[in-house]
Amino acid sequence: MNNALKITAFAAALAATFGTAYGVGRGVDPLVAAEDAAGRHGGHGAEGKGDAAPRAADQVPGGLQVSESGYTLALRTPTLRAGARDEIRFAVKDDTGRKVTAYQREHGKELHLILASTDLTQYRHLHPVRAADGTWSTPVELPEAGGYRVFADFTPAGKKAGNLTLGADLAVSGAYRPATLPAPAAVAEVDGYRVVLGGGLRAGQAGELKPSISRNGRPVTDLEPYLGAYGHLVALRSGDLAYLHVHPNEGGPGPVVSFTATAPSAGTYRLFLDFKHGGKVHTAAFTVPVAPAAQSGGEHGGSDTGTPAGHAH
């Protein structure tokens, strides 16, 4: 590739990244735009119980902000190279500018790092190593150029901030080829496994999702624990990449894995399910549309038939 083409490709990657940031601020989703304009901050998709109108902080999902509750995600490597084994380095800083060195362990880790491309076709769930000074690092290889979002999911030790998900933009240089979001489907095939998405969600209300895993036509009943459960689920909203906090339910070891989540608004979501079997972690991905509450089946809401309509993360 000549120098002119490399520069053009890198500029396209930057444009994709900054275009996503512009979309977050300018209202890819009307709910988020209105709340951002009011200067409100994100949480993790709480349900907003009670008669009074819920606070915006209880409605807006995480990952849309680089700073929240006095903590900031400081990404030291904002650019990587497509197809190369690079290293991501970052730190979480408190409101005094000091690097955070004490965390509460959740799902077996102090911090979970999620990488996703803005078109939601690339996804990584990483567990970086923290140095004594509070700097985190992890190797990563991303095959596609373009804009990405980095999510740090953590809980500071001894603080009242609770669990936080902070997000920062990442540009991956190379030959950029924009991709379309995969079509909605209730079935995903990965590494010889078949995963069928059951359950359903309604916008603004908690719902249960029940992926069922099989291999060679037989249910998988011996899933191995992964991050303290028999599966780990991440959901991102298409457009602004809002990060939803999904809770695993008790049960296992398969073939059904149960999760509870809340879709904060109507829209299209990308669902990533990590599960461990045969000593290896596998990731199944789904594209899921969520209808507005008033259009999700009336009194009973979304369908529980396993079809993609009405299902999410």
# chains A, B, ... in the order shown; residues from 1 in each chain; ligands from 1

$ residues_around --residues "Leu236 in chain A" --least-positions-apart "4" --cutoff "6 Å" --atoms "only C-alpha atoms" --output "list in words"
Leu241, Ala242, Tyr243, Tyr269 and Arg270 of chain A

$ residues_around --residues "Pro255 in chain A" --least-positions-apart "6" --cutoff "6 Å" --atoms "only C-alpha atoms" --output "list of chain:residue names"
A:Ser212, A:Ile213, A:Pro219, A:Val220, A:Thr221

$ closest_atom_pairs --of "range 211-295 of chain A" --to "range 115-136 of chain A" --cutoff "10 Å" --atoms "only C-alpha atoms" --output "tab-separated table"
residue	atom	partner	partner_atom	distance
A:His232	CA	A:His125	CA	9.9
A:Val234	CA	A:His125	CA	9.1
A:Leu236	CA	A:Leu120	CA	8.1
A:Arg237	CA	A:Leu120	CA	9.1
A:Ser238	CA	A:Leu120	CA	7.4
A:Gly239	CA	A:Thr118	CA	7.7
A:Asp240	CA	A:Thr118	CA	8.2
A:Leu241	CA	A:Thr118	CA	7.1
A:Tyr269	CA	A:Leu120	CA	9.2
A:Arg270	CA	A:Leu120	CA	6.8
A:Leu271	CA	A:Leu120	CA	9.4
A:Phe272	CA	A:Tyr123	CA	8.0
A:Asp274	CA	A:His125	CA	8.7
A:Thr283	CA	A:Tyr123	CA	9.1
A:Ala285	CA	A:Thr121	CA	9.1
A:Thr287	CA	A:Leu120	CA	9.3

$ write_last_selection --atoms "N, CA, C and O atoms" --output "short mmCIF file (atom, residue, chain, number, x, y, z; two decimals), in the first residue's frame"
data_model
loop_
_atom_site.label_atom_id
_atom_site.label_comp_id
_atom_site.auth_asym_id
_atom_site.auth_seq_id
_atom_site.Cartn_x
_atom_site.Cartn_y
_atom_site.Cartn_z
N HIS A 232 -21.37 -15.05 29.96
CA HIS A 232 -21.23 -13.61 30.17
C HIS A 232 -21.81 -12.91 28.95
O HIS A 232 -21.52 -13.28 27.82
N VAL A 234 -22.78 -9.23 26.90
CA VAL A 234 -22.60 -7.80 26.68
C VAL A 234 -23.56 -7.38 25.58
O VAL A 234 -23.69 -8.06 24.55
N LEU A 236 -24.77 -3.95 23.18
CA LEU A 236 -24.46 -2.61 22.73
C LEU A 236 -25.54 -2.13 21.78
O LEU A 236 -25.96 -2.87 20.89
N ARG A 237 -25.96 -0.88 21.97
CA ARG A 237 -27.00 -0.32 21.11
C ARG A 237 -26.39 0.23 19.82
O ARG A 237 -25.43 1.00 19.86
N SER A 238 -26.94 -0.17 18.71
CA SER A 238 -26.44 0.30 17.42
C SER A 238 -26.65 1.80 17.29
O SER A 238 -27.68 2.34 17.67
N GLY A 239 -25.65 2.49 16.75
CA GLY A 239 -25.73 3.93 16.56
C GLY A 239 -24.82 4.67 17.52
O GLY A 239 -23.84 5.29 17.11
N ASP A 240 -25.09 4.56 18.83
CA ASP A 240 -24.25 5.26 19.81
C ASP A 240 -23.40 4.31 20.65
O ASP A 240 -22.58 4.75 21.43
N LEU A 241 -23.57 3.00 20.49
CA LEU A 241 -22.85 1.97 21.23
C LEU A 241 -23.04 2.10 22.74
O LEU A 241 -22.12 1.88 23.52
N TYR A 269 -30.00 -3.59 18.72
CA TYR A 269 -28.92 -3.90 19.63
C TYR A 269 -28.10 -5.08 19.10
O TYR A 269 -28.62 -5.93 18.38
N ARG A 270 -26.84 -5.12 19.49
CA ARG A 270 -25.97 -6.24 19.16
C ARG A 270 -25.62 -6.94 20.46
O ARG A 270 -25.15 -6.31 21.42
N LEU A 271 -25.85 -8.23 20.50
CA LEU A 271 -25.70 -9.04 21.69
C LEU A 271 -24.52 -10.00 21.52
O LEU A 271 -24.44 -10.70 20.51
N PHE A 272 -23.61 -10.02 22.51
CA PHE A 272 -22.45 -10.89 22.46
C PHE A 272 -22.46 -11.81 23.68
O PHE A 272 -22.36 -11.34 24.81
N ASP A 274 -20.58 -14.79 25.65
CA ASP A 274 -19.38 -15.59 25.86
C ASP A 274 -19.75 -16.79 26.72
O ASP A 274 -20.37 -16.63 27.79
N THR A 283 -17.77 -17.16 21.47
CA THR A 283 -18.61 -15.96 21.46
C THR A 283 -19.66 -16.06 20.36
O THR A 283 -19.31 -16.15 19.18
N ALA A 285 -22.93 -14.14 18.57
CA ALA A 285 -23.42 -12.76 18.41
C ALA A 285 -24.79 -12.76 17.75
O ALA A 285 -25.05 -13.55 16.84
N THR A 287 -28.03 -9.92 16.36
CA THR A 287 -28.59 -8.58 16.15
C THR A 287 -30.05 -8.65 16.56
O THR A 287 -30.80 -9.51 16.10
#

$ select_by_dssp --residues "range 191-279 of chain A" --states "strand (DSSP E or B)" --output "PyMOL selection string"
chain A and resi 193-199+202-203+205-215+218-219+224+226+229+232-237+243-244+247-248+256+259-263+267-277

$ atom_distance --atom1 "CA of Ala157 in chain A" --atom2 "CA of Pro78 in chain A"
26.6 Å

$ closest_residue --among "A:Glu250, A:Ala82, A:Arg202, A:Val190" --to "Arg215 in chain A" --atoms "only C-alpha atoms"
A:Val190

$ select_by_dssp --residues "range 25-263 of chain A" --states "helix (DSSP H, G or I)" --output "NGL selection string"
:A and (25-26 or 30-37 or 56-58)

$ closest_residue --among "A:Ser214, A:Thr96, A:Thr268, A:Ser69" --to "Ala188 in chain A" --atoms "only C-alpha atoms"
A:Ser214

$ closest_residue --among "A:Glu224, A:Glu141, A:Asp169, A:Glu208" --to "Pro248 in chain A" --atoms "only C-alpha atoms"
A:Glu208

$ closest_residue --among "A:Thr155, A:Asn216, A:Thr77, A:Ser173" --to "His107 in chain A" --atoms "only C-alpha atoms"
A:Thr155

$ atom_distance --atom1 "CA of Leu197 in chain A" --atom2 "CA of Leu209 in chain A"
7.2 Å

$ residues_around --residues "Ala84 in chain A" --least-positions-apart "6" --cutoff "9 Å" --atoms "only C-alpha atoms" --output "VMD selection string"
chain A and resid 140 to 143

$ write_last_selection --atoms "N, CA, C and O atoms" --output "mmCIF file, in the first residue's frame"
data_model
loop_
_atom_site.group_PDB
_atom_site.id
_atom_site.type_symbol
_atom_site.label_atom_id
_atom_site.label_comp_id
_atom_site.auth_asym_id
_atom_site.auth_seq_id
_atom_site.Cartn_x
_atom_site.Cartn_y
_atom_site.Cartn_z
ATOM 1 N N VAL A 140 -3.564 -6.918 21.914
ATOM 2 C CA VAL A 140 -4.781 -7.117 21.130
ATOM 3 C C VAL A 140 -4.423 -7.058 19.661
ATOM 4 O O VAL A 140 -3.493 -6.345 19.262
ATOM 5 N N GLU A 141 -5.157 -7.813 18.861
ATOM 6 C CA GLU A 141 -5.000 -7.767 17.411
ATOM 7 C C GLU A 141 -6.384 -7.599 16.794
ATOM 8 O O GLU A 141 -7.258 -8.450 16.967
ATOM 9 N N LEU A 142 -6.583 -6.508 16.088
ATOM 10 C CA LEU A 142 -7.865 -6.209 15.460
ATOM 11 C C LEU A 142 -7.706 -6.306 13.947
ATOM 12 O O LEU A 142 -6.875 -5.613 13.362
ATOM 13 N N PRO A 143 -8.504 -7.139 13.293
ATOM 14 C CA PRO A 143 -8.286 -7.397 11.864
ATOM 15 C C PRO A 143 -8.795 -6.321 10.936
ATOM 16 O O PRO A 143 -8.342 -6.231 9.787
#

$ residues_around --residues "Glu106 in chain A" --least-positions-apart "2" --cutoff "10 Å" --atoms "only C-alpha atoms" --output "VMD selection string"
chain A and resid 103 to 104 108 to 112 153 to 155 163 227 to 228

$ write_last_selection --atoms "C-alpha atoms" --output "mmCIF file, in the first residue's frame"
data_model
loop_
_atom_site.group_PDB
_atom_site.id
_atom_site.type_symbol
_atom_site.label_atom_id
_atom_site.label_comp_id
_atom_site.auth_asym_id
_atom_site.auth_seq_id
_atom_site.Cartn_x
_atom_site.Cartn_y
_atom_site.Cartn_z
ATOM 1 C CA TYR A 103 -10.771 -2.011 42.711
ATOM 2 C CA GLN A 104 -13.518 -4.315 43.843
ATOM 3 C CA GLY A 108 -13.493 -12.701 39.168
ATOM 4 C CA LYS A 109 -11.746 -9.598 37.768
ATOM 5 C CA GLU A 110 -10.942 -6.067 38.914
ATOM 6 C CA LEU A 111 -11.771 -4.634 35.496
ATOM 7 C CA HIS A 112 -13.350 -5.889 32.280
ATOM 8 C CA ASP A 153 -16.298 -1.879 33.298
ATOM 9 C CA PHE A 154 -15.191 -1.641 36.955
ATOM 10 C CA THR A 155 -16.074 -0.746 40.550
ATOM 11 C CA ASN A 163 -20.156 -0.035 39.193
ATOM 12 C CA LEU A 227 -16.213 -15.169 35.045
ATOM 13 C CA GLY A 228 -18.130 -16.702 37.934
#

$ closest_residue --among "A:Leu80, A:Ala261, A:Ala179, A:Val256" --to "Phe275 in chain A" --atoms "only C-alpha atoms"
A:Val256

$ closest_residue --among "A:Thr72, A:Asn249, A:Ser137, A:Thr260" --to "Gln205 in chain A" --atoms "only C-alpha atoms"
A:Thr260

$ decode --residues "range 64-76 of chain A" --atoms "all heavy atoms" --output "PDB file, in the first residue's frame"
ATOM      1  N   LEU A  64     -21.190   5.809  27.365  1.00  0.00           N
ATOM      2  CA  LEU A  64     -21.326   6.975  26.510  1.00  0.00           C
ATOM      3  C   LEU A  64     -20.417   8.117  26.936  1.00  0.00           C
ATOM      4  O   LEU A  64     -20.278   9.102  26.216  1.00  0.00           O
ATOM      5  CB  LEU A  64     -22.779   7.465  26.501  1.00  0.00           C
ATOM      6  CG  LEU A  64     -23.811   6.489  25.932  1.00  0.00           C
ATOM      7  CD1 LEU A  64     -25.204   7.103  25.986  1.00  0.00           C
ATOM      8  CD2 LEU A  64     -23.466   6.075  24.515  1.00  0.00           C
ATOM      9  N   GLN A  65     -19.822   7.994  28.110  1.00  0.00           N
ATOM     10  CA  GLN A  65     -19.017   9.092  28.650  1.00  0.00           C
ATOM     11  C   GLN A  65     -17.624   8.602  29.018  1.00  0.00           C
ATOM     12  O   GLN A  65     -17.454   7.466  29.476  1.00  0.00           O
ATOM     13  CB  GLN A  65     -19.687   9.667  29.899  1.00  0.00           C
ATOM     14  CG  GLN A  65     -21.104  10.160  29.648  1.00  0.00           C
ATOM     15  CD  GLN A  65     -21.771  10.618  30.926  1.00  0.00           C
ATOM     16  OE1 GLN A  65     -22.059  11.786  31.090  1.00  0.00           O
ATOM     17  NE2 GLN A  65     -22.018   9.708  31.838  1.00  0.00           N
ATOM     18  N   VAL A  66     -16.654   9.468  28.833  1.00  0.00           N
ATOM     19  CA  VAL A  66     -15.287   9.148  29.228  1.00  0.00           C
ATOM     20  C   VAL A  66     -15.082   9.432  30.710  1.00  0.00           C
ATOM     21  O   VAL A  66     -14.170   8.871  31.333  1.00  0.00           O
ATOM     22  CB  VAL A  66     -14.282   9.939  28.366  1.00  0.00           C
ATOM     23  CG1 VAL A  66     -14.288  11.424  28.728  1.00  0.00           C
ATOM     24  CG2 VAL A  66     -12.879   9.353  28.482  1.00  0.00           C
ATOM     25  N   SER A  67     -15.943  10.276  31.299  1.00  0.00           N
ATOM     26  CA  SER A  67     -15.859  10.603  32.725  1.00  0.00           C
ATOM     27  C   SER A  67     -17.234  10.477  33.364  1.00  0.00           C
ATOM     28  O   SER A  67     -18.249  10.848  32.760  1.00  0.00           O
ATOM     29  CB  SER A  67     -15.343  12.028  32.936  1.00  0.00           C
ATOM     30  OG  SER A  67     -14.033  12.176  32.432  1.00  0.00           O
ATOM     31  N   GLU A  68     -17.252   9.972  34.593  1.00  0.00           N
ATOM     32  CA  GLU A  68     -18.503   9.854  35.340  1.00  0.00           C
ATOM     33  C   GLU A  68     -18.192   9.679  36.822  1.00  0.00           C
ATOM     34  O   GLU A  68     -17.229   8.977  37.185  1.00  0.00           O
ATOM     35  CB  GLU A  68     -19.323   8.658  34.831  1.00  0.00           C
ATOM     36  CG  GLU A  68     -20.670   8.501  35.514  1.00  0.00           C
ATOM     37  CD  GLU A  68     -21.454   7.298  35.006  1.00  0.00           C
ATOM     38  OE1 GLU A  68     -21.063   6.722  33.978  1.00  0.00           O
ATOM     39  OE2 GLU A  68     -22.455   6.945  35.652  1.00  0.00           O
ATOM     40  N   SER A  69     -18.982  10.334  37.665  1.00  0.00           N
ATOM     41  CA  SER A  69     -18.886  10.186  39.121  1.00  0.00           C
ATOM     42  C   SER A  69     -17.469  10.418  39.646  1.00  0.00           C
ATOM     43  O   SER A  69     -17.029   9.793  40.611  1.00  0.00           O
ATOM     44  CB  SER A  69     -19.385   8.798  39.550  1.00  0.00           C
ATOM     45  OG  SER A  69     -20.723   8.607  39.169  1.00  0.00           O
ATOM     46  N   GLY A  70     -16.730  11.333  38.999  1.00  0.00           N
ATOM     47  CA  GLY A  70     -15.393  11.678  39.466  1.00  0.00           C
ATOM     48  C   GLY A  70     -14.291  10.786  38.928  1.00  0.00           C
ATOM     49  O   GLY A  70     -13.126  10.920  39.342  1.00  0.00           O
ATOM     50  N   TYR A  71     -14.608   9.876  37.990  1.00  0.00           N
ATOM     51  CA  TYR A  71     -13.610   8.980  37.422  1.00  0.00           C
ATOM     52  C   TYR A  71     -13.521   9.191  35.917  1.00  0.00           C
ATOM     53  O   TYR A  71     -14.528   9.440  35.253  1.00  0.00           O
ATOM     54  CB  TYR A  71     -13.947   7.519  37.737  1.00  0.00           C
ATOM     55  CG  TYR A  71     -13.869   7.214  39.211  1.00  0.00           C
ATOM     56  CD1 TYR A  71     -14.986   7.374  40.032  1.00  0.00           C
ATOM     57  CD2 TYR A  71     -12.675   6.805  39.792  1.00  0.00           C
ATOM     58  CE1 TYR A  71     -14.916   7.120  41.397  1.00  0.00           C
ATOM     59  CE2 TYR A  71     -12.589   6.545  41.159  1.00  0.00           C
ATOM     60  CZ  TYR A  71     -13.715   6.699  41.956  1.00  0.00           C
ATOM     61  OH  TYR A  71     -13.634   6.454  43.300  1.00  0.00           O
ATOM     62  N   THR A  72     -12.312   9.057  35.381  1.00  0.00           N
ATOM     63  CA  THR A  72     -12.070   9.290  33.961  1.00  0.00           C
ATOM     64  C   THR A  72     -11.252   8.145  33.369  1.00  0.00           C
ATOM     65  O   THR A  72     -10.277   7.694  33.982  1.00  0.00           O
ATOM     66  CB  THR A  72     -11.308  10.608  33.740  1.00  0.00           C
ATOM     67  OG1 THR A  72     -12.109  11.699  34.213  1.00  0.00           O
ATOM     68  CG2 THR A  72     -10.991  10.831  32.267  1.00  0.00           C
ATOM     69  N   LEU A  73     -11.657   7.697  32.194  1.00  0.00           N
ATOM     70  CA  LEU A  73     -10.888   6.697  31.463  1.00  0.00           C
ATOM     71  C   LEU A  73      -9.852   7.420  30.609  1.00  0.00           C
ATOM     72  O   LEU A  73     -10.204   8.145  29.674  1.00  0.00           O
ATOM     73  CB  LEU A  73     -11.816   5.852  30.583  1.00  0.00           C
ATOM     74  CG  LEU A  73     -11.142   4.856  29.628  1.00  0.00           C
ATOM     75  CD1 LEU A  73     -10.278   3.868  30.396  1.00  0.00           C
ATOM     76  CD2 LEU A  73     -12.199   4.132  28.794  1.00  0.00           C
ATOM     77  N   ALA A  74      -8.574   7.241  30.926  1.00  0.00           N
ATOM     78  CA  ALA A  74      -7.475   7.892  30.205  1.00  0.00           C
ATOM     79  C   ALA A  74      -6.824   6.863  29.288  1.00  0.00           C
ATOM     80  O   ALA A  74      -5.997   6.048  29.735  1.00  0.00           O
ATOM     81  CB  ALA A  74      -6.465   8.464  31.188  1.00  0.00           C
ATOM     82  N   LEU A  75      -7.189   6.893  28.013  1.00  0.00           N
ATOM     83  CA  LEU A  75      -6.658   5.951  27.037  1.00  0.00           C
ATOM     84  C   LEU A  75      -5.336   6.482  26.494  1.00  0.00           C
ATOM     85  O   LEU A  75      -5.297   7.532  25.848  1.00  0.00           O
ATOM     86  CB  LEU A  75      -7.673   5.756  25.905  1.00  0.00           C
ATOM     87  CG  LEU A  75      -7.333   4.724  24.833  1.00  0.00           C
ATOM     88  CD1 LEU A  75      -7.204   3.328  25.453  1.00  0.00           C
ATOM     89  CD2 LEU A  75      -8.403   4.735  23.747  1.00  0.00           C
ATOM     90  N   ARG A  76      -4.248   5.762  26.729  1.00  0.00           N
ATOM     91  CA  ARG A  76      -2.923   6.221  26.326  1.00  0.00           C
ATOM     92  C   ARG A  76      -2.556   5.779  24.911  1.00  0.00           C
ATOM     93  O   ARG A  76      -1.573   6.244  24.346  1.00  0.00           O
ATOM     94  CB  ARG A  76      -1.874   5.705  27.328  1.00  0.00           C
ATOM     95  CG  ARG A  76      -2.068   6.255  28.749  1.00  0.00           C
ATOM     96  CD  ARG A  76      -1.029   5.700  29.695  1.00  0.00           C
ATOM     97  NE  ARG A  76       0.331   6.030  29.265  1.00  0.00           N
ATOM     98  CZ  ARG A  76       1.429   5.590  29.888  1.00  0.00           C
ATOM     99  NH1 ARG A  76       1.310   4.808  30.957  1.00  0.00           N
ATOM    100  NH2 ARG A  76       2.623   5.919  29.451  1.00  0.00           N
TER     101      ARG A  76
END
